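Okay, so here's the structure we're looking at.
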Amino acid sequence: MRLKLSPALIKSALASHSWLGLLVGGLMYVICLSGALLVFHSELEQWEQAFAPQVRQLDIQGALRTFNDFVRRGEGLTPHLYLVLPSADSPHARIATEHESWFLNADGSLGPREDNAWSTLLLSLHYYLHLPESWGMILVSVLGAVLVGLIASGFLAHPGLFRDAFRLRQAGSHQIAQTDLHNRLSVWAAPFHLMIAFTGAYFGLALPTLALVADAEFGGDRDQVVQLAFGEEPKLASQEGPFNIAGPLEEVARMAPDAPAFLVVVHDAGMAKQHLSVSARHPGRLIYAESYLFTTDGAFLGTAGRLDSNLGKLALYSIYRLHFGNFAGTFVKLLYLAFGLALAAVAASGVNIWLAKRRKDDGLSDLWVGIVWGTPLALAVSAVASFYADLPLTWVMWAVVAAACAVSLAVGDRAASKRILRLALVAATLLLVICHAGTFGSAAYSGAPGGVNLGLIAFTAIGCAAEFWPGVQRAATRRRPAGLGR
């Protein structure tokens, strides 16, 4: 299949694609890499806190007493309070404010404070690029919109993409190898890339879009737009505690026996209009959850209506799970991980192509090697640091990236720098597994922590093979007696 386009359009599209890709390539690479890892966010949180009490069956009455005691003390209350129930995704129960969280024991009593500094760092990197949240999310979402433009301009600039869909020349020049890698990964995973770009763009651009719609259609009243999209807040008389959580959970179990409840939220805590919602995940549905609304004493108010919404609203309610792949088990998560890493490789190879075309030796190529291989190295080193020191992990991470760039610039040889940083990444990953096992003992080998460590060990083995096997083959060839194998 070959698209017939004018040479002028192809030239213009290629130019815009190159400059646009250069502008956002580095940021896109970091976002795609962190996003691929965040597919396993729940597992990473459990791995990071392998000693957290596992709760197969939570004593709801005990949790209710703990929850009401927490509210009664009034320390650090926020407008939303949460009771997270154990689920198929995570065997932990928690109570939380908008700023901090505590585990619950099986009897509902208060357990240790949640300490997930490293997975929070990863989340903040993907959502905000470690910038202030409002600006960071808008920037990341704009990059999602730019990715849509890159995909479209890429197809227009390369009309032979489909014809050459299985052409992968890795033995030629660096530029040809990177071009084929970039083009093949772009074609093979294009539907996934577009879906990630569209859903990613939504998260940060929703609020500016809401403001535009409110100004255009509702005289600037944003609440009307929110109610149109997400439903109205229930009309309530003054509500007071204590909160009845057991009754609502029983009611949801009766109304939706196949939909396990996983979250109880107190909305507008401490205010006259405070009320409860119970979120339940319905099997076979892509929406994040249906919310069942109750008064504080447990009287049923209705549902948020997400199950029975029109197609547009169903798409809106499904964006989160569709973006992060947590809707169909481990196999789909592994596919999202693979496609996410492929998208990171597309971003990196796009910049590699532009750098190869420059044919200049001004240190920019060395700096790029430091960014590409220094970022995963920095994530591994910051994870190790999280076990042994109360350090600002964001600073640790970016210090390692800066150090990797400095090493690459000092070496001045792209191939040598890449090898040094890749070996450092393999060593840091192996050290991470050793440190985790030393910190958590037998808890590091079971459940989600064991799965994460198995993945890290597999990555280490693959990394070692990629680095050392070619050398072993060359050595074996040199030692082979003359005529052998002919």
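Note on naming: chains are A, B, ... as they come in the structure tokens, residues start from 1 per chain, ligands start from 1 in the order shown.
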
Report the closest atom pair, with its distance in Å rounded to one decimal, for each residue of range 390-455 of chain A that has an atom no farther than 12 Å from range 350-364 of chain A; count only C-alpha atoms, sort by chain and then rising residue number, and write it as a tab-separated table.
residue	atom	partner	partner_atom	distance
A:Cys405	CA	A:Gly363	CA	10.1
A:Ala406	CA	A:Gly363	CA	10.5
A:Val407	CA	A:Gly363	CA	11.7
A:Ser408	CA	A:Gly363	CA	8.9
A:Leu409	CA	A:Gly363	CA	6.4
A:Ala410	CA	A:Gly363	CA	9.5
A:Val411	CA	A:Gly363	CA	10.3
A:Gly412	CA	A:Gly363	CA	7.3
A:Asp413	CA	A:Gly363	CA	9.5
A:Arg414	CA	A:Gly363	CA	9.5

Would you mind exporting C-alpha atoms of the selected residues as an mmCIF file, in the first residue's frame?
data_model
loop_
_atom_site.group_PDB
_atom_site.id
_atom_site.type_symbol
_atom_site.label_atom_id
_atom_site.label_comp_id
_atom_site.auth_asym_id
_atom_site.auth_seq_id
_atom_site.Cartn_x
_atom_site.Cartn_y
_atom_site.Cartn_z
ATOM 1 C CA CYS A 405 25.160 13.054 31.102
ATOM 2 C CA ALA A 406 28.476 14.232 32.564
ATOM 3 C CA VAL A 407 30.007 10.756 32.180
ATOM 4 C CA SER A 408 28.826 10.513 28.588
ATOM 5 C CA LEU A 409 30.233 13.946 27.741
ATOM 6 C CA ALA A 410 33.538 13.112 29.442
ATOM 7 C CA VAL A 411 33.919 9.799 27.586
ATOM 8 C CA GLY A 412 33.103 11.481 24.273
ATOM 9 C CA ASP A 413 32.334 8.227 22.507
ATOM 10 C CA ARG A 414 28.671 7.358 22.005
#

TODO: Extract, using only C-alpha atoms, all DNA, RNA and protein residues at most 10 Å from Ser124 in chain A, discarding same-chain residues fewer than 4 positions from it, and format them as JSON, numbers by chain.
DONE: {"A": [34, 118, 119, 120, 128, 129, 130, 131, 132, 133, 136, 137, 394]}

Using N, CA, C and O atoms, can you write the selected residues to a file as a compact mmCIF listing (two decimals), in the first residue's frame?
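This went into again_19.txt:
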# COMPACT_ATOMS: atom_id res chain seq x y z
N SER A 34 8.30 6.16 32.04
CA SER A 34 7.66 6.11 33.35
C SER A 34 6.23 5.56 33.24
O SER A 34 5.77 4.82 34.11
N TRP A 118 8.96 6.02 46.57
CA TRP A 118 9.51 5.80 45.23
C TRP A 118 8.41 5.68 44.18
O TRP A 118 8.52 6.28 43.10
N SER A 119 7.35 4.93 44.47
CA SER A 119 6.26 4.83 43.49
C SER A 119 5.56 6.17 43.32
O SER A 119 5.07 6.49 42.24
N THR A 120 5.55 6.99 44.38
CA THR A 120 5.02 8.35 44.25
C THR A 120 5.91 9.19 43.34
O THR A 120 5.42 9.99 42.53
N TYR A 128 3.44 14.75 36.05
CA TYR A 128 3.79 16.17 36.16
C TYR A 128 5.22 16.49 35.75
O TYR A 128 5.62 17.67 35.79
N LEU A 129 6.05 15.48 35.40
CA LEU A 129 7.46 15.71 35.10
C LEU A 129 8.16 16.42 36.27
O LEU A 129 9.11 17.18 36.08
N HIS A 130 7.68 16.15 37.49
CA HIS A 130 8.22 16.74 38.72
C HIS A 130 8.12 18.26 38.75
O HIS A 130 8.85 18.92 39.49
N LEU A 131 7.20 18.79 37.97
CA LEU A 131 6.91 20.23 38.01
C LEU A 131 5.73 20.46 38.95
O LEU A 131 5.10 19.50 39.42
N PRO A 132 5.41 21.72 39.29
CA PRO A 132 4.18 21.98 40.04
C PRO A 132 3.00 21.31 39.33
O PRO A 132 2.89 21.35 38.11
N GLU A 133 2.10 20.72 40.12
CA GLU A 133 1.11 19.80 39.57
C GLU A 133 0.26 20.39 38.45
O GLU A 133 0.07 19.76 37.40
N GLY A 136 2.50 21.05 35.42
CA GLY A 136 3.06 19.79 34.92
C GLY A 136 2.05 18.94 34.19
O GLY A 136 2.33 18.40 33.11
N MET A 137 0.84 18.83 34.75
CA MET A 137 -0.18 18.00 34.09
C MET A 137 -0.60 18.60 32.76
O MET A 137 -0.83 17.87 31.78
N THR A 394 13.48 12.82 44.47
CA THR A 394 13.46 13.57 43.22
C THR A 394 14.85 14.13 42.91
O THR A 394 15.33 14.06 41.76

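If only C-alpha atoms are the atoms counted, then among A:Leu125, A:Ala261, A:Ala338, A:Ile420 the closest residue to Trp188 in chain A is A:Ala338.
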
TODO: Please provide as a ChimeraX atom specification all residues within 12 Å of Glu45 in chain A, with the sequence filter that same-chain residues fewer than 5 positions apart are discarded (counting only C-alpha atoms).
DONE: /A:37-40,50-52,89-92,114-123,383,448-449,452

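Put simply, CA of Asn68 in chain A is 17.5 Å away from CA of Ala299 in chain A.
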
- [ ] Determine, counting only C-alpha atoms, which protein, DNA and RNA residues have an atom within 9 Å of an atom of Val384 in chain A; residues of the same chain fewer than 3 positions away are not included. Present the result as a PyMOL selection string.
- [x] chain A and resi 379-381+387-388+428-429+431-433+435-436

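The closest residue to Phe70 in chain A, picked from A:Tyr127, A:Phe440, A:Phe459, A:Phe243 and counting only C-alpha atoms, is A:Phe243.
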
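Of the residues listed (A:Gly325, A:Pro86, A:Gly302, A:Pro376), A:Pro86 shows the shortest atom-to-atom separation from Pro260 in chain A; distances use only C-alpha atoms.
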
Open item on the list: Between A:Phe192, A:Tyr288, A:Trp395, A:Tyr445, which residue has the minimum interatomic distance to Tyr320 in chain A, considering only C-alpha atoms?
Closed with: A:Tyr288

Open item on the list: Could you list, as a PyMOL selection string, every residue within 12 Å of Asn244 in chain A, counting only C-alpha atoms and ignoring same-chain residues fewer than 4 positions away?
Closed with: chain A and resi 60-61+63-65+67-68+239-240+248-251+264-266+275-278+294-300

TODO: Go through A:Val140, A:Leu423, A:Val400, A:Phe203 one by one, measure the shortest atom-to-atom distance of each to Val30 in chain A using only C-alpha atoms, and give the residue with the smallest value.
DONE: A:Val140

Open item on the list: Can you tell me which residues surround Gln54 in chain A at a distance of at most 12 Å, considering only C-alpha atoms, apart from same-chain residues fewer than 3 positions away, and format the answer as a ChimeraX atom specification?
Closed with: /A:46,49-51,57-58,85-88,90-94,103-108,111,443,446-448

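Between CA of Val396 in chain A and CA of Ala444 in chain A the separation is 24.1 Å.
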
- [ ] Find the distance between CA of Leu454 in chain A and CA of Leu44 in chain A and write it in Å to one decimal.
- [x]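 According to the coordinates, CA of Leu454 in chain A and CA of Leu44 in chain A are separated by 12.4 Å.
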
- [ ] Go through A:Tyr202, A:Trp102, A:Trp135, A:Trp47 and flag the residue nearest Ser318 in chain A, using only C-alpha atoms for the distances.
- [x]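 Going through A:Tyr202, A:Trp102, A:Trp135, A:Trp47 one by one, the smallest distance to Ser318 in chain A is for A:Tyr202.
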